[in-house]
$ cat input-v6.cif   # mmCIF, C-alpha atoms
data_model
loop_
_atom_site.label_atom_id
_atom_site.label_comp_id
_atom_site.auth_asym_id
_atom_site.auth_seq_id
_atom_site.Cartn_x
_atom_site.Cartn_y
_atom_site.Cartn_z
CA MET A 1 142.98 147.59 85.90
CA THR A 2 141.16 147.65 82.56
CA GLN A 3 137.42 147.39 82.22
CA ASP A 4 137.87 144.01 80.49
CA ALA A 5 139.82 142.62 83.40
CA ARG A 6 137.23 143.92 85.87
CA ARG A 7 134.39 142.35 83.88
CA GLY A 8 136.37 139.12 83.73
CA ARG A 9 136.77 139.14 87.49
CA ARG A 10 133.07 139.81 88.01
CA VAL A 11 132.18 136.83 85.81
CA THR A 12 134.60 134.71 87.80
CA VAL A 13 132.98 135.77 91.06
CA VAL A 14 129.46 135.02 89.79
CA LEU A 15 130.58 131.63 88.47
CA ALA A 16 132.31 130.83 91.71
CA ALA A 17 129.17 131.72 93.67
CA LEU A 18 127.08 129.44 91.42
CA VAL A 19 129.49 126.55 91.81
CA LEU A 20 129.59 127.07 95.57
CA LEU A 21 125.78 127.07 95.75
CA THR A 22 125.59 123.86 93.71
CA GLY A 23 128.16 122.26 95.95
CA ALA A 24 126.27 123.31 99.07
CA ALA A 25 123.03 121.93 97.62
CA LEU A 26 124.72 118.60 96.87
CA VAL A 27 126.17 118.38 100.35
CA ALA A 28 122.78 119.21 101.87
CA LEU A 29 121.14 116.52 99.74
CA THR A 30 123.74 113.99 100.81
CA VAL A 31 123.32 114.82 104.46
CA SER A 32 119.54 114.62 104.29
CA ARG A 33 119.75 111.30 102.49
CA SER A 34 122.19 109.73 104.89
CA GLY A 35 120.20 111.18 107.79
CA GLY A 36 117.81 108.18 107.80
CA PRO A 37 117.74 105.93 110.84
CA ALA A 38 120.99 104.07 111.47
CA ARG A 39 121.38 100.30 111.32
CA ASP A 40 121.93 100.05 115.06
CA GLY A 41 119.80 103.04 116.06
CA PRO A 42 116.68 102.94 118.26
CA GLU A 43 114.21 103.20 115.34
CA ALA A 44 115.59 100.18 113.48
CA GLY A 45 116.12 98.20 116.69
CA PHE A 46 112.56 98.90 117.77
CA ALA A 47 111.17 97.91 114.36
CA ARG A 48 113.07 94.62 114.42
CA ASP A 49 112.44 93.65 118.04
CA MET A 50 108.83 94.78 118.18
CA SER A 51 108.16 92.69 115.05
CA ALA A 52 109.40 89.58 116.86
CA HIS A 53 107.48 90.60 119.99
CA HIS A 54 104.25 91.11 118.02
CA ALA A 55 104.74 87.80 116.20
CA GLN A 56 104.50 85.97 119.53
CA ALA A 57 101.32 87.85 120.50
CA VAL A 58 99.79 86.79 117.18
CA ARG A 59 100.86 83.20 117.82
CA MET A 60 99.38 83.12 121.34
CA SER A 61 96.14 84.61 120.10
CA PHE A 62 95.80 81.99 117.37
CA ILE A 63 96.40 79.27 119.95
CA VAL A 64 93.68 80.51 122.31
CA ARG A 65 91.19 80.81 119.46
CA ASP A 66 91.73 77.09 118.92
CA ARG A 67 91.41 76.28 122.63
CA THR A 68 88.19 78.04 123.70
CA ASP A 69 84.71 78.90 122.45
CA ASP A 70 84.39 81.95 124.70
CA ARG A 71 83.22 84.84 122.54
CA ASP A 72 84.94 87.64 124.47
CA VAL A 73 88.35 85.98 124.54
CA ARG A 74 88.11 84.92 120.91
CA LEU A 75 87.18 88.47 119.90
CA LEU A 76 90.06 89.99 121.88
CA ALA A 77 92.43 87.47 120.27
CA TYR A 78 91.00 88.33 116.83
CA ASP A 79 91.65 92.02 117.54
CA ILE A 80 95.24 91.38 118.63
CA ILE A 81 95.97 89.14 115.62
CA SER A 82 94.70 91.71 113.13
CA THR A 83 96.27 94.74 114.79
CA GLN A 84 99.67 93.32 115.52
CA SER A 85 100.00 91.55 112.15
CA ALA A 86 99.30 94.84 110.39
CA GLN A 87 101.81 96.62 112.63
CA ILE A 88 104.49 94.02 111.81
CA GLY A 89 103.86 94.92 108.17
CA MET A 90 104.28 98.63 108.89
CA MET A 91 107.54 98.14 110.75
CA THR A 92 108.87 95.82 108.06
CA ALA A 93 108.08 98.47 105.47
CA TRP A 94 110.09 101.03 107.45
CA LEU A 95 113.14 98.79 107.40
CA ASP A 96 112.64 98.21 103.67
CA GLU A 97 112.40 101.94 103.06
CA TRP A 98 115.44 102.69 105.21
CA GLY A 99 117.40 99.95 103.42
CA LEU A 100 118.24 98.33 106.76
CA PRO A 101 118.51 94.64 107.69
CA LYS A 102 115.53 92.90 109.30
CA THR A 103 117.72 91.21 111.85
CA ASP A 104 120.63 91.98 114.13
CA PRO A 105 122.91 88.95 114.48
CA ALA A 106 124.49 90.62 117.52
CA GLY A 107 121.27 89.98 119.42
CA PRO A 108 118.01 91.77 120.20
CA MET A 109 117.40 94.75 122.46
CA ARG A 110 120.77 96.44 122.00
CA TRP A 111 118.98 99.70 121.15
CA MET A 112 117.37 99.72 124.61
CA SER A 113 120.34 98.73 126.73
CA GLY A 114 122.79 100.85 124.79
CA HIS A 115 125.62 98.37 125.15
CA GLY A 116 126.70 95.16 123.45
CA GLY A 117 123.91 92.67 123.09
CA HIS A 118 123.79 89.20 124.53
CA PRO A 119 123.42 86.80 121.64
CA GLY A 120 120.91 84.17 122.53
CA ALA A 121 119.18 86.32 125.11
CA SER A 122 115.89 86.73 123.29
CA ALA A 123 114.21 86.12 126.65
CA ALA A 124 115.60 89.54 127.52
CA MET A 125 112.81 91.01 125.42
CA PRO A 126 110.32 92.06 128.10
CA GLY A 127 107.06 90.14 128.40
CA MET A 128 107.94 87.30 126.05
CA ALA A 129 106.46 83.96 127.06
CA THR A 130 108.77 80.97 127.23
CA ARG A 131 108.26 78.04 124.89
CA GLU A 132 107.13 75.96 127.86
CA ARG A 133 104.30 78.41 128.60
CA LEU A 134 103.22 78.33 124.97
CA THR A 135 103.13 74.54 125.12
CA ASP A 136 101.00 74.79 128.30
CA LEU A 137 98.61 77.06 126.42
CA GLU A 138 98.43 74.64 123.50
CA LYS A 139 97.45 71.86 125.91
CA ALA A 140 94.97 73.82 128.04
CA SER A 141 91.34 74.27 127.04
CA GLY A 142 88.23 76.21 128.02
CA ARG A 143 88.43 78.38 131.13
CA ALA A 144 92.01 77.29 131.94
CA ALA A 145 93.23 78.28 128.48
CA GLU A 146 91.44 81.64 128.73
CA VAL A 147 92.98 82.45 132.11
CA LEU A 148 96.48 81.41 131.03
CA TYR A 149 96.15 83.38 127.78
CA LEU A 150 94.96 86.52 129.59
CA ARG A 151 97.81 86.31 132.09
CA LEU A 152 100.46 85.70 129.43
CA MET A 153 99.09 88.41 127.19
CA ALA A 154 98.82 91.00 129.98
CA ALA A 155 102.50 90.41 130.79
CA HIS A 156 103.31 90.47 127.08
CA HIS A 157 101.51 93.79 126.64
CA ARG A 158 103.29 95.29 129.65
CA GLY A 159 106.62 94.39 128.04
CA GLY A 160 105.40 95.84 124.75
CA VAL A 161 104.42 99.11 126.47
CA ALA A 162 107.89 99.31 128.06
CA MET A 163 109.54 98.84 124.66
CA ALA A 164 107.30 101.43 123.00
CA GLU A 165 108.00 103.91 125.81
CA ALA A 166 111.73 103.24 125.43
CA VAL A 167 111.69 104.17 121.76
CA LEU A 168 109.59 107.27 122.49
CA ALA A 169 112.34 108.39 124.86
CA ARG A 170 114.98 107.84 122.17
CA THR A 171 113.63 109.15 118.86
CA ASP A 172 112.12 112.17 117.15
CA HIS A 173 111.11 110.16 114.09
CA ASP A 174 107.47 111.09 113.44
CA ARG A 175 106.14 107.80 112.09
CA VAL A 176 107.95 105.76 114.71
CA ARG A 177 106.62 107.99 117.49
CA ARG A 178 103.08 107.85 116.16
CA LEU A 179 102.97 104.03 116.03
CA ALA A 180 104.75 103.69 119.39
CA ARG A 181 102.22 106.03 121.01
CA THR A 182 99.30 104.02 119.67
CA MET A 183 100.94 100.88 121.05
CA VAL A 184 101.34 102.41 124.51
CA GLU A 185 97.73 103.59 124.60
CA GLY A 186 96.16 100.58 122.91
CA GLN A 187 98.02 97.95 124.90
CA ARG A 188 97.51 99.78 128.22
CA SER A 189 93.76 99.83 127.73
CA GLU A 190 93.83 96.15 126.74
CA ILE A 191 95.73 95.33 129.93
CA THR A 192 92.88 96.91 131.91
CA LEU A 193 90.37 94.94 129.86
CA MET A 194 92.28 91.68 130.36
CA ASN A 195 92.51 92.18 134.11
CA GLU A 196 88.75 92.69 134.18
CA MET A 197 88.25 89.52 132.15
CA LEU A 198 90.56 87.67 134.55
CA ARG A 199 88.53 88.82 137.56
CA ARG A 200 85.32 87.68 135.90
CA ARG A 201 86.93 84.26 135.46
CA GLY A 202 87.90 84.10 139.12
CA GLY A 203 91.61 84.48 138.41
CA PRO A 204 93.84 87.04 140.11
CA ALA A 205 94.76 90.10 138.06
CA ALA A 206 97.97 89.72 136.05
CA MET B 1 160.95 124.61 80.53
CA SER B 2 163.71 124.93 77.95
CA LYS B 3 166.38 127.57 78.04
CA SER B 4 165.01 129.31 74.95
CA ALA B 5 161.50 129.47 76.40
CA ARG B 6 162.82 131.05 79.58
CA ASN B 7 164.67 133.59 77.52
CA LYS B 8 161.50 134.37 75.66
CA ASP B 9 159.65 134.91 78.95
CA ALA B 10 162.38 137.14 80.18
CA ARG B 11 162.13 139.29 77.10
CA LYS B 12 158.36 139.80 77.59
CA PRO B 13 157.59 143.37 78.56
CA LYS B 14 156.37 143.72 82.18
CA ASP B 15 153.41 145.92 81.34
CA ALA B 16 150.70 145.62 83.97
CA LEU B 17 148.03 146.87 81.56
CA THR B 18 148.50 144.20 78.90
CA GLN B 19 149.92 141.26 80.84
CA ARG B 20 147.55 138.27 81.25
CA GLU B 21 148.69 136.42 84.33
CA THR B 22 147.79 132.79 84.83
CA PRO B 23 144.82 132.88 87.28
CA TRP B 24 146.29 130.43 89.80
CA GLY B 25 143.84 131.52 92.47
CA ALA B 26 140.81 130.76 90.31
CA ILE B 27 142.29 127.46 89.16
CA ALA B 28 142.92 126.35 92.72
CA PHE B 29 139.45 127.49 93.75
CA PHE B 30 137.63 125.60 90.99
CA THR B 31 139.76 122.52 91.49
CA LEU B 32 138.81 122.49 95.15
CA ILE B 33 135.12 122.97 94.32
CA GLY B 34 135.34 120.18 91.76
CA LEU B 35 136.88 117.85 94.32
CA VAL B 36 134.24 118.68 96.91
CA ALA B 37 131.47 118.08 94.38
CA THR B 38 132.98 114.76 93.29
CA VAL B 39 133.30 113.55 96.86
CA ALA B 40 129.76 114.70 97.67
CA ILE B 41 128.25 112.99 94.63
CA GLY B 42 130.24 109.84 95.25
CA TYR B 43 129.17 109.77 98.88
CA ALA B 44 125.51 110.37 97.99
CA PHE B 45 125.72 107.54 95.48
CA MET B 46 127.17 105.14 98.04
CA GLN B 47 124.50 106.13 100.57
CA SER B 48 121.71 105.61 98.08
CA ARG B 49 122.73 101.97 97.58
CA PRO B 50 121.80 100.05 100.69
CA SER B 51 124.13 97.11 100.43
CA SER B 52 122.55 95.12 103.25
CA ALA B 53 119.02 95.06 101.87
CA ASP B 54 120.04 94.45 98.31
CA GLY B 55 118.68 91.21 96.91
CA SER B 56 121.78 90.73 94.84
CA ALA B 57 124.01 91.50 97.82
CA SER B 58 127.14 89.70 96.92
CA ILE B 59 128.95 87.76 99.60
CA ALA B 60 132.14 85.95 98.66
CA GLY B 61 131.45 82.30 97.87
CA MET B 62 127.67 82.69 97.82
CA VAL B 63 125.66 80.51 95.44
CA ILE B 64 122.58 82.05 93.82
CA LYS B 65 119.76 80.09 92.26
CA ASP B 66 116.67 81.48 90.57
CA ASP B 67 113.48 80.03 89.14
CA LEU B 68 112.92 77.57 91.96
CA GLY B 69 109.66 75.61 92.13
CA ARG B 70 107.10 76.72 94.71
CA ASN B 71 104.46 74.01 94.59
CA HIS B 72 103.14 72.24 97.64
CA THR B 73 103.56 68.49 97.74
CA SER B 74 103.25 65.77 100.35
CA SER B 75 105.66 63.47 98.53
CA PRO B 76 109.45 63.56 98.82
CA VAL B 77 111.25 66.08 96.61
CA ASP B 78 114.57 65.41 94.90
CA TYR B 79 116.46 68.67 95.50
CA ALA B 80 119.36 69.72 93.29
CA ASN B 81 121.31 71.23 96.19
CA ASN B 82 122.45 69.76 99.44
CA PRO B 83 121.07 71.22 101.70
CA PRO B 84 118.26 72.47 99.46
CA MET B 85 117.92 76.22 98.94
CA GLY B 86 114.40 76.32 97.53
CA GLY B 87 111.99 74.38 95.36
CA ASP B 88 108.71 72.50 95.78
CA HIS B 89 107.91 71.76 99.42
CA ASP B 90 105.53 70.40 102.01
CA SER B 91 102.47 72.46 102.93
CA ALA B 92 103.69 72.74 106.54
CA TRP B 93 106.69 74.94 107.22
CA GLN B 94 109.19 74.05 109.93
CA ASN B 95 108.88 76.50 112.81
CA CYS B 96 111.76 78.92 112.36
CA ASN B 97 111.36 81.53 115.10
CA GLY B 98 114.91 81.23 116.41
CA ARG B 99 114.66 77.45 116.81
CA VAL B 100 117.47 75.03 117.60
CA TYR B 101 116.77 71.44 116.48
CA ASP B 102 119.11 68.70 117.63
CA THR B 103 118.16 66.15 114.99
CA PRO B 104 117.96 66.46 111.20
CA LEU B 105 114.84 68.04 109.70
CA ARG B 106 112.77 66.95 106.75
CA ASN B 107 113.99 68.99 103.75
CA GLU B 108 110.47 69.48 102.44
CA ASN B 109 109.39 71.32 105.61
CA ALA B 110 112.58 73.37 105.98
CA VAL B 111 112.36 74.60 102.38
CA HIS B 112 108.89 75.98 103.11
CA SER B 113 110.45 78.09 105.92
CA LEU B 114 112.94 79.52 103.42
CA GLU B 115 109.96 80.61 101.33
CA HIS B 116 108.75 82.59 104.38
CA GLY B 117 112.03 84.50 104.62
CA ALA B 118 113.92 82.36 107.14
CA VAL B 119 117.61 81.47 107.04
CA TRP B 120 118.33 77.81 107.75
CA ILE B 121 121.69 77.16 109.37
CA THR B 122 122.87 73.57 108.99
CA TYR B 123 126.02 71.92 110.31
CA ARG B 124 127.82 68.66 109.76
CA PRO B 125 127.57 66.47 112.89
CA GLY B 126 130.86 66.48 114.76
CA LEU B 127 131.24 70.24 114.63
CA ALA B 128 133.41 71.46 117.52
CA ALA B 129 131.32 72.17 120.63
CA ALA B 130 132.42 75.82 120.85
CA GLN B 131 131.37 76.40 117.24
CA LEU B 132 128.03 74.69 117.75
CA ASP B 133 127.41 76.81 120.85
CA ALA B 134 128.16 79.95 118.86
CA LEU B 135 125.64 78.90 116.20
CA LYS B 136 123.02 78.05 118.82
CA ALA B 137 123.45 81.44 120.48
CA LYS B 138 123.12 83.18 117.13
CA VAL B 139 119.93 81.32 116.21
CA THR B 140 118.27 81.58 119.63
CA GLY B 141 118.60 85.35 119.49
CA THR B 142 117.46 85.77 115.90
CA ASP B 143 113.86 85.48 114.78
CA TYR B 144 113.41 83.86 111.34
CA THR B 145 116.42 81.58 111.72
CA PHE B 146 116.63 77.89 112.61
CA LEU B 147 119.44 75.43 113.15
CA SER B 148 119.72 71.69 112.55
CA PRO B 149 122.37 69.05 111.90
CA TYR B 150 122.73 67.88 108.29
CA PRO B 151 124.69 64.61 108.05
CA SER B 152 125.43 64.67 104.32
CA LEU B 153 126.72 68.27 104.31
CA ASP B 154 129.99 68.67 102.38
CA ALA B 155 131.20 71.57 104.58
CA PRO B 156 131.18 72.16 108.33
CA ILE B 157 128.45 74.81 108.11
CA ALA B 158 125.94 76.02 105.52
CA LEU B 159 123.56 78.99 105.60
CA SER B 160 120.61 78.78 103.23
CA ALA B 161 117.94 81.30 102.29
CA TRP B 162 115.51 80.98 99.38
CA GLY B 163 117.81 80.84 96.32
CA ARG B 164 120.89 81.88 98.33
CA GLN B 165 123.48 79.68 100.01
CA ILE B 166 126.92 79.94 101.50
CA LYS B 167 129.13 77.22 102.96
CA LEU B 168 131.56 78.06 105.73
CA GLN B 169 134.44 76.37 107.52
CA ASP B 170 134.07 78.29 110.74
CA ALA B 171 131.16 79.68 112.79
CA SER B 172 133.07 82.90 113.46
CA ASP B 173 133.35 83.67 109.73
CA LYS B 174 132.10 87.25 109.29
CA ARG B 175 130.10 86.17 106.26
CA ALA B 176 127.62 84.41 108.57
CA ASP B 177 126.40 87.71 110.01
CA GLU B 178 126.53 89.34 106.58
CA PHE B 179 124.33 86.58 105.21
CA LEU B 180 121.84 86.91 108.08
CA ARG B 181 121.64 90.70 107.72
CA ALA B 182 121.10 90.42 103.99
CA PHE B 183 118.62 87.54 103.83
CA VAL B 184 116.63 87.14 107.07
CA LYS B 185 113.25 88.37 105.75
CA GLY B 186 115.38 89.69 102.90
CA PRO B 187 114.36 90.85 99.43
CA GLN B 188 114.73 87.30 98.05
CA THR B 189 111.73 86.19 100.16
CA PRO B 190 108.97 84.81 97.90
CA GLU B 191 106.30 85.29 100.63
CA PRO B 192 107.15 88.36 102.70
CA GLY B 193 105.12 88.61 105.89
CA ALA B 194 104.52 84.86 106.21
CA PRO B 195 104.98 83.41 109.71
CA CYS B 196 107.78 81.38 111.27
CA ASP B 197 105.62 79.67 113.88
CA GLY B 198 102.33 77.82 114.11
CA ALA B 199 103.33 74.85 111.93
CA LYS B 200 105.73 71.90 112.32
CA ASP B 201 107.42 72.16 115.71
CA THR B 202 109.44 68.95 115.88
CA PRO B 203 111.96 67.44 113.46
#

$ encode --input "input-v6.cif" --output "structure tokens"
Amino acid sequence: MTQDARRGRRVTVVLAALVLLTGAALVALTVSRSGGPARDGPEAGFARDMSAHHAQAVRMSFIVRDRTDDRDVRLLAYDIISTQSAQIGMMTAWLDEWGLPKTDPAGPMRWMSGHGGHPGASAAMPGMATRERLTDLEKASGRAAEVLYLRLMAAHHRGGVAMAEAVLARTDHDRVRRLARTMVEGQRSEITLMNEMLRRRGGPAA
Amino acid sequence: MSKSARNKDARKPKDALTQRETPWGAIAFFTLIGLVATVAIGYAFMQSRPSSADGSASIAGMVIKDDLGRNHTSSPVDYANNPPMGGDHDSAWQNCNGRVYDTPLRNENAVHSLEHGAVWITYRPGLAAAQLDALKAKVTGTDYTFLSPYPSLDAPIALSAWGRQIKLQDASDKRADEFLRAFVKGPQTPEPGAPCDGAKDTP
């Protein structure tokens, strides 16, 4: 083999290595880009369902603020409205960033059950109050409204904690885990607080 | 290859020192690399375009309308589309948190819900019971949607979001789910984050 031919081969090898490296980099980039949460994965399902769950907590809290003058209950409701509204915004921003839909027409909670959803079974979301209970709350006033609100919200929070724990068991996504952990801790301590408030109002703990 | 060319080849001296062979190996190698790169780039490109969250998501038969009015008014509004898909509206939105209404709604309230990111599903009265049940199930399970009959509808079913509308013959049409995925709280929403409850709760 001549020196020319050998040099030519060496150039070919170097070029080939460069092209291979570029290709590998491209593939890596593609994989990392498509590695975001999936449309039907636990992160997206949690973001969608918890948004709907939070929206009802906000609604109930607004109702009770219209139905009682009690400072403690109104302050707790104010806290829940502000916190959960902001969290809905965070979860909506995740879905925006991931380029994923804000709804799943196949029904809620599929990410938790792992099998086909039951369209129309939004009651399957744990802790959600029925429309009838919300109407009761809208009609109640004073002490009765406070007690009903505290009972509904304690149950609502317990459902929320279960959902947050479910996503913690299913994802390694940092931001999702961080928010879910704060929900578990925050809502647990509010359940304790609400049970105390219920006792002070002569109602049984929820 | 012509006969003369082959003869010419045959006459070429077979000298290993001077012969320049066609580098088939290298050609195959680079072709393969090129293909891989093309596929990778194409795939990355497809991935980087989220079709579902794209405001201009195109669904066959969908009507798009821009520059819709957004003023609040307590008087009746003469809408250009039937059902309306945006425009001036009442200050109270129709509750749209997965609500099924059995009687027609006031346009002016429903349009306000579209502004909040809801999809309004309307049907022509007389829709087959199985189809109506399918629509009810869909709406009950989906926050930021609401369902009501619409007597003057010129199709069995219509789905409307702010500035987006599609009319369907059948509730099982796949475009219904596509429309919901694209536009429930979708990028067309003029007021993202606005609520679907706390306002008008009856037709």

$ residues_near_point --input "input-v6.cif" --point "(98.1, 80.6, 117.5)" --cutoff "10 Å" --atoms "all atoms listed in the file" --output "PDB file with C-alpha atoms, keeping the file's coordinate frame"
ATOM      1  CA  ALA A  55     104.740  87.800 116.200  1.00  0.00           C
ATOM      2  CA  GLN A  56     104.500  85.970 119.530  1.00  0.00           C
ATOM      3  CA  ALA A  57     101.320  87.850 120.500  1.00  0.00           C
ATOM      4  CA  VAL A  58      99.790  86.790 117.180  1.00  0.00           C
ATOM      5  CA  ARG A  59     100.860  83.200 117.820  1.00  0.00           C
ATOM      6  CA  MET A  60      99.380  83.120 121.340  1.00  0.00           C
ATOM      7  CA  SER A  61      96.140  84.610 120.100  1.00  0.00           C
ATOM      8  CA  PHE A  62      95.800  81.990 117.370  1.00  0.00           C
ATOM      9  CA  ILE A  63      96.400  79.270 119.950  1.00  0.00           C
ATOM     10  CA  VAL A  64      93.680  80.510 122.310  1.00  0.00           C
ATOM     11  CA  ARG A  65      91.190  80.810 119.460  1.00  0.00           C
ATOM     12  CA  ASP A  66      91.730  77.090 118.920  1.00  0.00           C
ATOM     13  CA  ARG A  67      91.410  76.280 122.630  1.00  0.00           C
ATOM     14  CA  ALA A  77      92.430  87.470 120.270  1.00  0.00           C
ATOM     15  CA  ILE A  81      95.970  89.140 115.620  1.00  0.00           C
ATOM     16  CA  LEU A 134     103.220  78.330 124.970  1.00  0.00           C
ATOM     17  CA  LEU A 137      98.610  77.060 126.420  1.00  0.00           C
ATOM     18  CA  GLU A 138      98.430  74.640 123.500  1.00  0.00           C
TER      19      GLU A 138
ATOM     20  CA  ASP B 197     105.620  79.670 113.880  1.00  0.00           C
ATOM     21  CA  GLY B 198     102.330  77.820 114.110  1.00  0.00           C
ATOM     22  CA  ALA B 199     103.330  74.850 111.930  1.00  0.00           C
TER      23      ALA B 199
END

$ atom_distance --input "input-v6.cif" --atom1 "atom CA of A:Gly41" --atom2 "atom CA of B:Gly193"
23.0 Å

$ atom_distance --input "input-v6.cif" --atom1 "atom CA of B:Thr142" --atom2 "atom CA of A:Pro105"
6.5 Å

$ resolve_selection --input "input-v6.cif" --expression "the PyMOL selection byres ((chain B and resi 85-93) around 10)" --output "VMD selection string"
chain B and resid 63 to 84 94 to 96 106 to 116 119 to 120 159 to 165 195 to 201

$ interface_residues --input "input-v6.cif" --of "chain B" --to "chain A" --cutoff "6 Å" --atoms "all atoms listed in the file" --output "number ranges by chain"
B: 37, 40, 44, 50, 53, 137-138, 140-141, 177, 181

$ atom_distance --input "input-v6.cif" --atom1 "atom CA of B:Gln131" --atom2 "atom CA of B:Ser152"
18.4 Å

$ build_atoms --input "input-v6.cif" --residues "stretch 127-146 of chain B" --atoms "N, CA and C atoms" --output "PDB file, keeping the file's coordinate frame"
ATOM      1  N   LEU B 127     130.720  68.874 114.544  1.00  0.00           N
ATOM      2  CA  LEU B 127     131.240  70.240 114.630  1.00  0.00           C
ATOM      3  C   LEU B 127     131.714  70.497 116.060  1.00  0.00           C
ATOM      4  N   ALA B 128     132.845  71.192 116.193  1.00  0.00           N
ATOM      5  CA  ALA B 128     133.410  71.460 117.520  1.00  0.00           C
ATOM      6  C   ALA B 128     132.354  72.113 118.426  1.00  0.00           C
ATOM      7  N   ALA B 129     132.358  71.716 119.693  1.00  0.00           N
ATOM      8  CA  ALA B 129     131.320  72.170 120.630  1.00  0.00           C
ATOM      9  C   ALA B 129     131.252  73.699 120.711  1.00  0.00           C
ATOM     10  N   ALA B 130     132.408  74.358 120.725  1.00  0.00           N
ATOM     11  CA  ALA B 130     132.420  75.820 120.850  1.00  0.00           C
ATOM     12  C   ALA B 130     131.740  76.464 119.641  1.00  0.00           C
ATOM     13  N   GLN B 131     131.980  75.856 118.460  1.00  0.00           N
ATOM     14  CA  GLN B 131     131.370  76.400 117.240  1.00  0.00           C
ATOM     15  C   GLN B 131     129.861  76.182 117.254  1.00  0.00           C
ATOM     16  N   LEU B 132     129.460  74.986 117.699  1.00  0.00           N
ATOM     17  CA  LEU B 132     128.030  74.690 117.750  1.00  0.00           C
ATOM     18  C   LEU B 132     127.333  75.627 118.736  1.00  0.00           C
ATOM     19  N   ASP B 133     127.986  75.890 119.867  1.00  0.00           N
ATOM     20  CA  ASP B 133     127.410  76.810 120.850  1.00  0.00           C
ATOM     21  C   ASP B 133     127.240  78.206 120.253  1.00  0.00           C
ATOM     22  N   ALA B 134     128.236  78.628 119.476  1.00  0.00           N
ATOM     23  CA  ALA B 134     128.160  79.950 118.860  1.00  0.00           C
ATOM     24  C   ALA B 134     126.962  80.019 117.898  1.00  0.00           C
ATOM     25  N   LEU B 135     126.766  78.936 117.135  1.00  0.00           N
ATOM     26  CA  LEU B 135     125.640  78.900 116.200  1.00  0.00           C
ATOM     27  C   LEU B 135     124.314  78.900 116.949  1.00  0.00           C
ATOM     28  N   LYS B 136     124.259  78.122 118.041  1.00  0.00           N
ATOM     29  CA  LYS B 136     123.020  78.050 118.820  1.00  0.00           C
ATOM     30  C   LYS B 136     122.663  79.422 119.393  1.00  0.00           C
ATOM     31  N   ALA B 137     123.693  80.118 119.904  1.00  0.00           N
ATOM     32  CA  ALA B 137     123.450  81.440 120.480  1.00  0.00           C
ATOM     33  C   ALA B 137     122.932  82.396 119.410  1.00  0.00           C
ATOM     34  N   LYS B 138     123.522  82.309 118.233  1.00  0.00           N
ATOM     35  CA  LYS B 138     123.120  83.180 117.130  1.00  0.00           C
ATOM     36  C   LYS B 138     121.659  82.939 116.757  1.00  0.00           C
ATOM     37  N   VAL B 139     121.284  81.667 116.649  1.00  0.00           N
ATOM     38  CA  VAL B 139     119.930  81.320 116.210  1.00  0.00           C
ATOM     39  C   VAL B 139     118.903  81.650 117.284  1.00  0.00           C
ATOM     40  N   THR B 140     119.224  81.329 118.543  1.00  0.00           N
ATOM     41  CA  THR B 140     118.270  81.580 119.630  1.00  0.00           C
ATOM     42  C   THR B 140     117.911  83.065 119.706  1.00  0.00           C
ATOM     43  N   GLY B 141     118.861  83.925 119.379  1.00  0.00           N
ATOM     44  CA  GLY B 141     118.600  85.350 119.490  1.00  0.00           C
ATOM     45  C   GLY B 141     118.047  85.977 118.213  1.00  0.00           C
ATOM     46  N   THR B 142     117.827  85.185 117.187  1.00  0.00           N
ATOM     47  CA  THR B 142     117.460  85.770 115.900  1.00  0.00           C
ATOM     48  C   THR B 142     116.198  85.149 115.340  1.00  0.00           C
ATOM     49  N   ASP B 143     115.116  85.934 115.357  1.00  0.00           N
ATOM     50  CA  ASP B 143     113.860  85.480 114.780  1.00  0.00           C
ATOM     51  C   ASP B 143     114.071  85.191 113.281  1.00  0.00           C
ATOM     52  N   TYR B 144     113.299  84.250 112.758  1.00  0.00           N
ATOM     53  CA  TYR B 144     113.410  83.860 111.340  1.00  0.00           C
ATOM     54  C   TYR B 144     114.758  83.212 111.023  1.00  0.00           C
ATOM     55  N   THR B 145     115.298  82.469 112.015  1.00  0.00           N
ATOM     56  CA  THR B 145     116.420  81.580 111.720  1.00  0.00           C
ATOM     57  C   THR B 145     116.128  80.263 112.413  1.00  0.00           C
ATOM     58  N   PHE B 146     116.714  79.172 111.924  1.00  0.00           N
ATOM     59  CA  PHE B 146     116.630  77.890 112.610  1.00  0.00           C
ATOM     60  C   PHE B 146     117.867  77.068 112.282  1.00  0.00           C
TER      61      PHE B 146
END
